[in-house]
Every structure is written in C-alpha cells, then in structure tokens.
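Undergrad: Sending over protein-v7.pdb (PDB, C-alpha atoms).
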ATOM      1  CA  MET A 481      61.923  15.174  77.226
ATOM      2  CA  THR A 482      65.265  13.466  77.126
ATOM      3  CA  ALA A 483      68.660  15.077  77.387
ATOM      4  CA  ALA A 484      69.193  14.522  73.702
ATOM      5  CA  GLU A 485      66.037  16.319  72.837
ATOM      6  CA  HIS A 486      66.874  19.184  75.065
ATOM      7  CA  THR A 487      69.078  21.557  73.094
ATOM      8  CA  ALA A 488      70.806  24.425  74.748
ATOM      9  CA  ALA A 489      70.027  27.815  73.325
ATOM     10  CA  PRO A 490      73.103  29.780  72.374
ATOM     11  CA  ARG A 491      74.060  32.552  74.840
ATOM     12  CA  GLN A 492      73.323  36.031  73.566
ATOM     13  CA  ASP A 493      75.109  39.230  74.506
ATOM     14  CA  SER A 494      72.902  41.810  76.192
ATOM     15  CA  PRO A 495      72.026  44.724  74.014
ATOM     16  CA  SER A 496      73.892  47.955  74.440
ATOM     17  CA  GLY A 497      72.673  49.951  77.426
ATOM     18  CA  GLU A 498      71.651  46.914  79.391
ATOM     19  CA  GLY A 499      73.859  44.982  81.719
ATOM     20  CA  ASP A 500      75.571  45.060  85.063
ATOM     21  CA  GLY A 501      77.326  48.491  84.748
ATOM     22  CA  PRO A 502      79.418  50.774  82.600
ATOM     23  CA  PRO A 503      82.122  49.218  80.529
ATOM     24  CA  PRO A 504      85.562  49.345  82.164
ATOM     25  CA  GLN A 505      87.497  52.560  81.381
ATOM     26  CA  ASP A 506      90.614  52.303  79.402
ATOM     27  CA  ARG A 507      93.850  53.211  81.208
ATOM     28  CA  ARG A 508      94.459  56.500  79.346
ATOM     29  CA  ARG A 509      91.076  57.881  80.241
ATOM     30  CA  MET A 510      91.550  56.992  83.911
ATOM     31  CA  ILE A 511      95.003  58.658  84.047
ATOM     32  CA  ARG A 512      93.651  61.774  82.340
ATOM     33  CA  ARG A 513      90.759  62.037  84.803
ATOM     34  CA  ARG A 514      93.102  61.703  87.794
ATOM     35  CA  LEU A 515      95.454  64.299  86.335
ATOM     36  CA  ILE A 516      92.595  66.784  85.858
ATOM     37  CA  THR A 517      91.485  66.170  89.467
ATOM     38  CA  ALA A 518      95.034  66.740  90.765
ATOM     39  CA  ILE A 519      95.422  69.977  88.757
ATOM     40  CA  THR A 520      92.065  71.243  90.058
ATOM     41  CA  ILE A 521      93.112  70.559  93.665
ATOM     42  CA  VAL A 522      96.445  72.323  93.154
ATOM     43  CA  LEU A 523      94.708  75.355  91.657
ATOM     44  CA  LEU A 524      92.053  75.523  94.384
ATOM     45  CA  ILE A 525      94.433  75.051  97.298
ATOM     46  CA  GLY A 526      97.950  75.775  96.079
ATOM     47  CA  VAL A 527      97.397  79.130  94.377
ATOM     48  CA  PRO A 528      95.680  80.851  97.363
ATOM     49  CA  ALA A 529      98.253  79.340  99.734
ATOM     50  CA  GLY A 530     101.078  80.595  97.522
ATOM     51  CA  TYR A 531      99.501  84.042  97.389
ATOM     52  CA  LEU A 532      99.269  84.133 101.204
ATOM     53  CA  VAL A 533     102.939  83.168 101.553
ATOM     54  CA  ILE A 534     104.034  85.872  99.080
ATOM     55  CA  SER A 535     101.779  88.476 100.709
ATOM     56  CA  ALA A 536     103.068  87.617 104.187
ATOM     57  CA  GLY A 537     106.660  87.916 102.960
ATOM     58  CA  GLN A 538     106.019  91.328 101.418
ATOM     59  CA  SER A 539     104.244  92.522 104.551
ATOM     60  CA  ARG A 540     107.104  91.317 106.732
ATOM     61  CA  ARG A 541     109.689  93.075 104.521
ATOM     62  CA  SER A 542     107.630  96.278 104.542
ATOM     63  CA  GLY A 543     107.337  96.121 108.333
ATOM     64  CA  LYS A 544     111.080  95.563 108.671
ATOM     65  CA  ASP A 545     111.796  98.564 106.412
ATOM     66  CA  LYS A 546     109.547 100.786 108.540
ATOM     67  CA  GLU A 547     111.050  99.406 111.723
ATOM     68  CA  ALA A 548     114.569 100.048 110.436
ATOM     69  CA  GLU A 549     113.648 103.618 109.531
ATOM     70  CA  ALA A 550     112.112 104.204 112.953
ATOM     71  CA  ALA A 551     115.067 102.582 114.712
ATOM     72  CA  ALA A 552     117.681 104.550 112.782
ATOM     73  CA  GLN A 553     119.493 106.740 115.292
ATOM     74  CA  GLY A 554     120.350 110.291 114.420
ATOM     75  CA  LEU A 555     118.994 112.871 112.065
ATOM     76  CA  ARG A 556     118.293 112.277 108.378
ATOM     77  CA  GLU A 557     119.630 114.868 105.961
ATOM     78  CA  ASP A 558     116.385 115.596 104.191
ATOM     79  CA  TRP A 559     113.153 117.524 104.525
ATOM     80  CA  PRO A 560     110.343 115.908 106.488
ATOM     81  CA  SER A 561     107.281 115.233 104.349
ATOM     82  CA  GLY A 562     104.595 117.884 104.003
ATOM     83  CA  MET A 563     102.285 115.754 106.127
ATOM     84  CA  GLN A 564     104.884 115.456 108.908
ATOM     85  CA  ARG A 565     105.406 119.225 108.861
ATOM     86  CA  ARG A 566     101.644 119.795 109.126
ATOM     87  CA  ILE A 567     101.128 117.245 111.935
ATOM     88  CA  PHE A 568     103.996 118.624 114.011
ATOM     89  CA  GLU A 569     103.340 122.240 112.940
ATOM     90  CA  ILE A 570     106.895 122.926 111.800
ATOM     91  CA  PRO A 571     106.670 125.471 108.950
ATOM     92  CA  ILE A 572     110.227 125.247 107.614
ATOM     93  CA  PRO A 573     110.840 128.304 105.414
ATOM     94  CA  GLY A 574     111.474 127.640 101.729
ATOM     95  CA  ASN A 575     114.988 129.123 101.838
ATOM     96  CA  ALA A 576     116.143 126.761 104.618
ATOM     97  CA  THR A 577     119.394 124.870 104.087
ATOM     98  CA  GLY A 578     121.006 121.901 105.856
ATOM     99  CA  VAL A 579     117.597 120.532 106.831
ATOM    100  CA  GLN A 580     117.728 117.454 109.046
ATOM    101  CA  TYR A 581     114.928 115.619 110.833
ATOM    102  CA  TYR A 582     114.140 112.605 112.970
ATOM    103  CA  GLU A 583     110.767 111.288 114.136
ATOM    104  CA  THR A 584     109.996 109.008 117.071
ATOM    105  CA  ASN A 585     106.661 107.446 118.008
ATOM    106  CA  ASN A 586     105.443 105.526 121.017
ATOM    107  CA  TRP A 587     102.167 105.084 122.880
ATOM    108  CA  LYS A 588     102.801 108.166 125.041
ATOM    109  CA  ALA A 589     103.910 110.756 122.499
ATOM    110  CA  SER A 590     105.253 111.370 119.009
ATOM    111  CA  ARG A 591     108.194 113.706 118.506
ATOM    112  CA  MET A 592     109.696 115.394 115.486
ATOM    113  CA  TYR A 593     113.252 116.723 115.738
ATOM    114  CA  VAL A 594     114.222 119.267 113.085
ATOM    115  CA  LYS A 595     117.332 121.358 112.522
ATOM    116  CA  PHE A 596     117.923 123.862 109.713
ATOM    117  CA  ARG A 597     119.689 127.098 108.821
ATOM    118  CA  THR A 598     117.785 130.065 107.431
ATOM    119  CA  THR A 599     117.999 133.851 107.097
ATOM    120  CA  SER A 600     116.896 136.492 109.579
ATOM    121  CA  ALA A 601     113.661 136.928 107.581
ATOM    122  CA  GLY A 602     113.292 133.127 107.414
ATOM    123  CA  LEU A 603     113.473 132.958 111.221
ATOM    124  CA  ASP A 604     110.687 135.530 111.458
ATOM    125  CA  ARG A 605     108.550 133.592 108.955
ATOM    126  CA  PHE A 606     109.142 130.346 110.845
ATOM    127  CA  LEU A 607     108.249 131.823 114.253
ATOM    128  CA  SER A 608     105.166 133.509 112.792
ATOM    129  CA  GLY A 609     104.091 130.204 111.178
ATOM    130  CA  VAL A 610     104.404 128.434 114.535
ATOM    131  CA  GLY A 611     102.213 131.123 116.123
ATOM    132  CA  THR A 612     104.780 133.170 118.006
ATOM    133  CA  GLY A 613     107.417 135.813 117.273
ATOM    134  CA  ARG A 614     111.000 136.904 117.811
ATOM    135  CA  ALA A 615     110.041 138.849 120.942
ATOM    136  CA  ALA A 616     109.211 135.538 122.680
ATOM    137  CA  LEU A 617     112.810 134.278 122.241
ATOM    138  CA  GLU A 618     114.542 134.389 125.615
ATOM    139  CA  PRO A 619     118.265 135.239 125.301
ATOM    140  CA  GLY A 620     120.546 132.533 126.717
ATOM    141  CA  ALA A 621     117.723 129.991 126.979
ATOM    142  CA  VAL A 622     118.103 126.430 125.711
ATOM    143  CA  THR A 623     114.615 124.928 125.759
ATOM    144  CA  ILE A 624     115.513 121.487 124.398
ATOM    145  CA  SER A 625     115.836 118.909 127.179
ATOM    146  CA  PRO A 626     118.958 116.840 127.890
ATOM    147  CA  ARG A 627     116.911 113.730 126.946
ATOM    148  CA  ASP A 628     116.166 115.153 123.484
ATOM    149  CA  THR A 629     119.743 116.394 123.140
ATOM    150  CA  LYS A 630     121.001 112.867 123.823
ATOM    151  CA  ILE A 631     118.676 111.403 121.162
ATOM    152  CA  THR A 632     119.750 113.862 118.457
ATOM    153  CA  GLY A 633     123.384 114.453 119.388
ATOM    154  CA  TRP A 634     122.814 118.221 119.341
ATOM    155  CA  TYR A 635     125.245 120.330 121.352
ATOM    156  CA  PHE A 636     124.108 123.389 123.290
ATOM    157  CA  GLY A 637     127.319 124.340 125.076
ATOM    158  CA  PRO A 638     128.938 127.668 125.923
ATOM    159  CA  GLY A 639     130.490 130.066 123.438
ATOM    160  CA  VAL A 640     127.303 130.300 121.350
ATOM    161  CA  TYR A 641     124.587 132.945 121.556
ATOM    162  CA  TRP A 642     121.491 130.836 122.246
ATOM    163  CA  ALA A 643     117.910 132.018 122.419
ATOM    164  CA  GLY A 644     114.890 129.851 123.033
ATOM    165  CA  LEU A 645     111.180 129.558 123.650
ATOM    166  CA  THR A 646     108.503 126.961 124.285
ATOM    167  CA  HIS A 647     105.301 127.330 122.277
ATOM    168  CA  THR A 648     102.503 125.429 124.001
ATOM    169  CA  ASN A 649      99.270 124.309 122.328
ATOM    170  CA  LYS A 650      96.246 122.451 123.668
ATOM    171  CA  ASP A 651      96.204 118.706 122.988
ATOM    172  CA  PRO A 652      96.124 117.154 120.460
ATOM    173  CA  ARG A 653      98.111 119.967 118.825
ATOM    174  CA  PRO A 654     101.875 119.701 119.360
ATOM    175  CA  THR A 655     104.041 121.767 121.679
ATOM    176  CA  GLN A 656     107.289 123.069 120.186
ATOM    177  CA  ASN A 657     110.545 123.635 122.048
ATOM    178  CA  ILE A 658     112.604 125.952 119.858
ATOM    179  CA  THR A 659     116.245 126.894 120.394
ATOM    180  CA  VAL A 660     118.084 129.178 117.969
ATOM    181  CA  ASN A 661     121.806 129.668 117.462
ATOM    182  CA  MET A 662     121.909 133.458 116.974
ATOM    183  CA  THR A 663     125.701 133.757 116.839
ATOM    184  CA  ASP A 664     125.352 134.874 113.202
ATOM    185  CA  PRO A 665     122.077 136.849 113.214
ATOM    186  CA  ALA A 666     121.977 136.840 109.387
ATOM    187  CA  ALA A 667     122.094 133.026 109.280
ATOM    188  CA  PRO A 668     120.483 131.594 112.436
ATOM    189  CA  VAL A 669     120.372 127.833 112.994
ATOM    190  CA  ILE A 670     117.028 126.614 114.347
ATOM    191  CA  TYR A 671     116.541 123.513 116.489
ATOM    192  CA  VAL A 672     112.972 122.322 117.068
ATOM    193  CA  VAL A 673     111.467 119.496 119.082
ATOM    194  CA  SER A 674     107.744 119.234 118.412
ATOM    195  CA  ALA A 675     105.883 116.787 120.656
ATOM    196  CA  ALA A 676     102.318 115.629 120.019
ATOM    197  CA  THR A 677     100.251 113.437 122.345
ATOM    198  CA  PRO A 678      97.987 110.967 120.527
TER     199      PRO A 678
END
Have the structure of the file written as structure tokens, please.

TA:
Amino acid sequence: MTAAEHTAAPRQDSPSGEGDGPPPQDRRRMIRRRLITAITIVLLIGVPAGYLVISAGQSRRSGKDKEAEAAAQGLREDWPSGMQRRIFEIPIPGNATGVQYYETNNWKASRMYVKFRTTSAGLDRFLSGVGTGRAALEPGAVTISPRDTKITGWYFGPGVYWAGLTHTNKDPRPTQNITVNMTDPAAPVIYVVSAATP
C-alpha cells in the first residue's frame, strides 16, 4: 500500500461521558464554589469564636460589677436581701427605718454589718428572732470590735447609753455581736455584726 492509497481517517470527538476528565469549569462556577466554602468556614469557626468573645466580655463585666460591690467601703442604705438576712440570722423588724448594711467575704469568714432604728417592741422582736432577749443586754457594753468599727465607721464613744450582747451559735451558724444605742428607749438604734465561718 502506497502513501497515496493510504487515506487518513478523519478524527472523531469522543462521545459524551468518555474522555480524559471533566470539562473545565467556567469561572463563575469556580468563584461561587470558593465563596460558599469561605462562608461555611466563617460560620463554622467565626460564629463560635465570636460567641466566646462576647461571653467572656459579659462574664468579665459581671465579675467587675460584683468585685466593685464587694470592694465598696461603707454601709449601703438599703435592706439586705431576704437570703442574706436568713444566712446571717438577722431578723430586721418590719418597722425598722434607716436600714444600712455591708457584707464582706473571705476564705476565713463572712460578715454582715447591719444598722437600723426601730421601736422598743421592734427591739424585743429582733432579739427574740436572734434567739435571745432584752435581759441578755449588758448595760454599758459595746460588743463590736475596733476592727469592725473601723470597717463600718460606726462610733461607740461616751455620752451615749450603750448596751450589748454576743449571741454565739455552733458553726456553721453565725455568731452575732449586737450593740444598741438605748439613749432614746422608744427608738433604739441597733448595730449588728454577724459572722459566719464557711
């Protein structure tokens, strides 16, 4: 067979589905696929990371608020919460006025400082609620320590008719040091330091 007799067969395209690989993607489809991948990564990683950052910030602010409250020096002009009154066993009578309190906590002990004015009957109710009575008040006694006086700024000087008592409980129940300004017997002012050991 000569070269002239030999005719080349025309080249045919391979049928669909056969060949070396998938047809090349067009540019739009490739960009869209990469965009979807990037969005998925952001959602899987970015959202939880963002949540952790926000949560940490809120926790830090909450901790700072609590720290500021605990670090605030002096008495707050308000009633302690019902839970605080139960924990420290300070049954403030309902007719009390000028109620102030301050709480401190550390690894050794927790203390609640409370001051309020009440009536003669209110004093009796308070002492009874603590678990003692008026007969236990020692005339002239100031049972609140100089350390606690320094913390609160209370003054227990001369010229006032003081009476005081210490009501001791077994741990973990608190012990109360109570001093009363009895100068006006109809409107006594009560000072309490209740200390509880964790």

Undergrad: Quick one: residues within 12 Å of Asn649 of chain A, only C-alpha atoms counted, chain neighbours fewer than 6 positions away excluded, as a VMD selection string?

TA: chain A and resid 568 to 569 610 to 612 655 to 657 674 to 677

Undergrad: Starting from the shown file, work through the PyMOL selection byres ((chain A and resi 615-632) around 6) and note down what comes out as a PyMOL selection string.

TA: chain A and resi 554+613-614+633-634+642-645+657+659

Undergrad: Mind pulling up the distance from atom CA of Val594 of chain A to atom CA of Val673 of chain A?

TA: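 It comes out at 6.6 Å.
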
Undergrad: Counting all atoms listed in the file, which of A:Pro638, A:Met563, A:Gly574, A:Arg508 gets nearest to Thr599 of chain A?

TA: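 When distances to Thr599 of chain A are compared using all atoms listed in the file, the smallest one comes from A:Gly574.
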
Undergrad: If we count all atoms listed in the file and set the cut-off at 8 Å, which residues sit around Leu603 of chain A, ignoring sequence neighbours fewer than 3 positions away in its own chain? Please answer as a PyMOL selection string.

TA: chain A and resi 573+598-600+606-607+668+670

Undergrad: Run the PyMOL selection byres ((chain A and resi 667) around 12) on the file and write out the hits as a PyMOL selection string.

TA: chain A and resi 575-578+596-604+660-666+668-670

Undergrad: Write a file of the selected residues as a PDB file, in the coordinates of the input, keeping C-alpha atoms.

TA:
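Saved file out_29.pdb follows:
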ATOM      1  CA  ASN A 575     114.988 129.123 101.838  1.00  0.00           C
ATOM      2  CA  ALA A 576     116.143 126.761 104.618  1.00  0.00           C
ATOM      3  CA  THR A 577     119.394 124.870 104.087  1.00  0.00           C
ATOM      4  CA  GLY A 578     121.006 121.901 105.856  1.00  0.00           C
ATOM      5  CA  PHE A 596     117.923 123.862 109.713  1.00  0.00           C
ATOM      6  CA  ARG A 597     119.689 127.098 108.821  1.00  0.00           C
ATOM      7  CA  THR A 598     117.785 130.065 107.431  1.00  0.00           C
ATOM      8  CA  THR A 599     117.999 133.851 107.097  1.00  0.00           C
ATOM      9  CA  SER A 600     116.896 136.492 109.579  1.00  0.00           C
ATOM     10  CA  ALA A 601     113.661 136.928 107.581  1.00  0.00           C
ATOM     11  CA  GLY A 602     113.292 133.127 107.414  1.00  0.00           C
ATOM     12  CA  LEU A 603     113.473 132.958 111.221  1.00  0.00           C
ATOM     13  CA  ASP A 604     110.687 135.530 111.458  1.00  0.00           C
ATOM     14  CA  VAL A 660     118.084 129.178 117.969  1.00  0.00           C
ATOM     15  CA  ASN A 661     121.806 129.668 117.462  1.00  0.00           C
ATOM     16  CA  MET A 662     121.909 133.458 116.974  1.00  0.00           C
ATOM     17  CA  THR A 663     125.701 133.757 116.839  1.00  0.00           C
ATOM     18  CA  ASP A 664     125.352 134.874 113.202  1.00  0.00           C
ATOM     19  CA  PRO A 665     122.077 136.849 113.214  1.00  0.00           C
ATOM     20  CA  ALA A 666     121.977 136.840 109.387  1.00  0.00           C
ATOM     21  CA  PRO A 668     120.483 131.594 112.436  1.00  0.00           C
ATOM     22  CA  VAL A 669     120.372 127.833 112.994  1.00  0.00           C
ATOM     23  CA  ILE A 670     117.028 126.614 114.347  1.00  0.00           C
TER      24      ILE A 670
END

Undergrad: Reconstruct all heavy atoms of segment 514-525 of chain A from the incomplete input and present them as a PDB file, in the coordinates of the input.

TA:
ATOM      1  N   ARG A 514      92.382  61.477  86.538  1.00  0.00           N
ATOM      2  CA  ARG A 514      93.102  61.703  87.794  1.00  0.00           C
ATOM      3  C   ARG A 514      94.008  62.936  87.699  1.00  0.00           C
ATOM      4  O   ARG A 514      94.143  63.689  88.653  1.00  0.00           O
ATOM      5  CB  ARG A 514      93.925  60.468  88.152  1.00  0.00           C
ATOM      6  CG  ARG A 514      93.063  59.335  88.647  1.00  0.00           C
ATOM      7  CD  ARG A 514      93.878  58.159  89.081  1.00  0.00           C
ATOM      8  NE  ARG A 514      93.014  57.077  89.542  1.00  0.00           N
ATOM      9  CZ  ARG A 514      93.443  55.879  89.855  1.00  0.00           C
ATOM     10  NH1 ARG A 514      94.720  55.581  89.738  1.00  0.00           N
ATOM     11  NH2 ARG A 514      92.595  54.958  90.271  1.00  0.00           N
ATOM     12  N   LEU A 515      94.605  63.137  86.553  1.00  0.00           N
ATOM     13  CA  LEU A 515      95.454  64.299  86.335  1.00  0.00           C
ATOM     14  C   LEU A 515      94.640  65.588  86.422  1.00  0.00           C
ATOM     15  O   LEU A 515      95.052  66.565  87.061  1.00  0.00           O
ATOM     16  CB  LEU A 515      96.155  64.189  84.974  1.00  0.00           C
ATOM     17  CG  LEU A 515      97.159  65.293  84.639  1.00  0.00           C
ATOM     18  CD1 LEU A 515      98.310  65.283  85.632  1.00  0.00           C
ATOM     19  CD2 LEU A 515      97.691  65.114  83.226  1.00  0.00           C
ATOM     20  N   ILE A 516      93.464  65.596  85.802  1.00  0.00           N
ATOM     21  CA  ILE A 516      92.595  66.784  85.858  1.00  0.00           C
ATOM     22  C   ILE A 516      92.177  67.053  87.298  1.00  0.00           C
ATOM     23  O   ILE A 516      92.163  68.202  87.756  1.00  0.00           O
ATOM     24  CB  ILE A 516      91.373  66.604  84.932  1.00  0.00           C
ATOM     25  CG1 ILE A 516      91.818  66.662  83.471  1.00  0.00           C
ATOM     26  CG2 ILE A 516      90.312  67.650  85.210  1.00  0.00           C
ATOM     27  CD1 ILE A 516      90.748  66.268  82.475  1.00  0.00           C
ATOM     28  N   THR A 517      91.862  66.004  88.052  1.00  0.00           N
ATOM     29  CA  THR A 517      91.485  66.170  89.467  1.00  0.00           C
ATOM     30  C   THR A 517      92.644  66.762  90.269  1.00  0.00           C
ATOM     31  O   THR A 517      92.464  67.682  91.063  1.00  0.00           O
ATOM     32  CB  THR A 517      91.072  64.806  90.069  1.00  0.00           C
ATOM     33  OG1 THR A 517      89.996  64.264  89.293  1.00  0.00           O
ATOM     34  CG2 THR A 517      90.631  64.945  91.508  1.00  0.00           C
ATOM     35  N   ALA A 518      93.862  66.234  90.035  1.00  0.00           N
ATOM     36  CA  ALA A 518      95.034  66.740  90.765  1.00  0.00           C
ATOM     37  C   ALA A 518      95.303  68.207  90.440  1.00  0.00           C
ATOM     38  O   ALA A 518      95.589  69.009  91.336  1.00  0.00           O
ATOM     39  CB  ALA A 518      96.257  65.895  90.432  1.00  0.00           C
ATOM     40  N   ILE A 519      95.196  68.579  89.160  1.00  0.00           N
ATOM     41  CA  ILE A 519      95.422  69.977  88.757  1.00  0.00           C
ATOM     42  C   ILE A 519      94.387  70.885  89.404  1.00  0.00           C
ATOM     43  O   ILE A 519      94.704  71.977  89.891  1.00  0.00           O
ATOM     44  CB  ILE A 519      95.410  70.109  87.218  1.00  0.00           C
ATOM     45  CG1 ILE A 519      96.663  69.455  86.632  1.00  0.00           C
ATOM     46  CG2 ILE A 519      95.310  71.570  86.792  1.00  0.00           C
ATOM     47  CD1 ILE A 519      96.659  69.331  85.118  1.00  0.00           C
ATOM     48  N   THR A 520      93.133  70.448  89.443  1.00  0.00           N
ATOM     49  CA  THR A 520      92.065  71.243  90.058  1.00  0.00           C
ATOM     50  C   THR A 520      92.355  71.471  91.544  1.00  0.00           C
ATOM     51  O   THR A 520      92.207  72.586  92.051  1.00  0.00           O
ATOM     52  CB  THR A 520      90.703  70.532  89.885  1.00  0.00           C
ATOM     53  OG1 THR A 520      90.488  70.308  88.499  1.00  0.00           O
ATOM     54  CG2 THR A 520      89.583  71.359  90.456  1.00  0.00           C
ATOM     55  N   ILE A 521      92.801  70.421  92.238  1.00  0.00           N
ATOM     56  CA  ILE A 521      93.112  70.559  93.665  1.00  0.00           C
ATOM     57  C   ILE A 521      94.269  71.526  93.875  1.00  0.00           C
ATOM     58  O   ILE A 521      94.224  72.392  94.752  1.00  0.00           O
ATOM     59  CB  ILE A 521      93.426  69.172  94.279  1.00  0.00           C
ATOM     60  CG1 ILE A 521      92.135  68.343  94.341  1.00  0.00           C
ATOM     61  CG2 ILE A 521      94.037  69.306  95.667  1.00  0.00           C
ATOM     62  CD1 ILE A 521      92.343  66.887  94.695  1.00  0.00           C
ATOM     63  N   VAL A 522      95.296  71.409  93.038  1.00  0.00           N
ATOM     64  CA  VAL A 522      96.445  72.323  93.154  1.00  0.00           C
ATOM     65  C   VAL A 522      95.998  73.769  92.941  1.00  0.00           C
ATOM     66  O   VAL A 522      96.395  74.674  93.675  1.00  0.00           O
ATOM     67  CB  VAL A 522      97.558  71.935  92.153  1.00  0.00           C
ATOM     68  CG1 VAL A 522      98.593  73.039  92.030  1.00  0.00           C
ATOM     69  CG2 VAL A 522      98.227  70.646  92.585  1.00  0.00           C
ATOM     70  N   LEU A 523      95.160  73.986  91.936  1.00  0.00           N
ATOM     71  CA  LEU A 523      94.708  75.355  91.657  1.00  0.00           C
ATOM     72  C   LEU A 523      93.832  75.896  92.780  1.00  0.00           C
ATOM     73  O   LEU A 523      93.927  77.068  93.144  1.00  0.00           O
ATOM     74  CB  LEU A 523      93.948  75.407  90.328  1.00  0.00           C
ATOM     75  CG  LEU A 523      94.798  75.192  89.076  1.00  0.00           C
ATOM     76  CD1 LEU A 523      93.918  75.132  87.831  1.00  0.00           C
ATOM     77  CD2 LEU A 523      95.841  76.285  88.927  1.00  0.00           C
ATOM     78  N   LEU A 524      92.970  75.067  93.336  1.00  0.00           N
ATOM     79  CA  LEU A 524      92.053  75.523  94.384  1.00  0.00           C
ATOM     80  C   LEU A 524      92.738  75.746  95.725  1.00  0.00           C
ATOM     81  O   LEU A 524      92.336  76.609  96.497  1.00  0.00           O
ATOM     82  CB  LEU A 524      90.898  74.529  94.560  1.00  0.00           C
ATOM     83  CG  LEU A 524      89.891  74.473  93.411  1.00  0.00           C
ATOM     84  CD1 LEU A 524      88.881  73.372  93.659  1.00  0.00           C
ATOM     85  CD2 LEU A 524      89.177  75.816  93.260  1.00  0.00           C
ATOM     86  N   ILE A 525      93.764  74.949  95.995  1.00  0.00           N
ATOM     87  CA  ILE A 525      94.433  75.051  97.298  1.00  0.00           C
ATOM     88  C   ILE A 525      95.798  75.711  97.177  1.00  0.00           C
ATOM     89  O   ILE A 525      96.135  76.616  97.939  1.00  0.00           O
ATOM     90  CB  ILE A 525      94.576  73.649  97.935  1.00  0.00           C
ATOM     91  CG1 ILE A 525      93.187  73.079  98.230  1.00  0.00           C
ATOM     92  CG2 ILE A 525      95.409  73.708  99.210  1.00  0.00           C
ATOM     93  CD1 ILE A 525      93.189  71.641  98.654  1.00  0.00           C
TER      94      ILE A 525
END
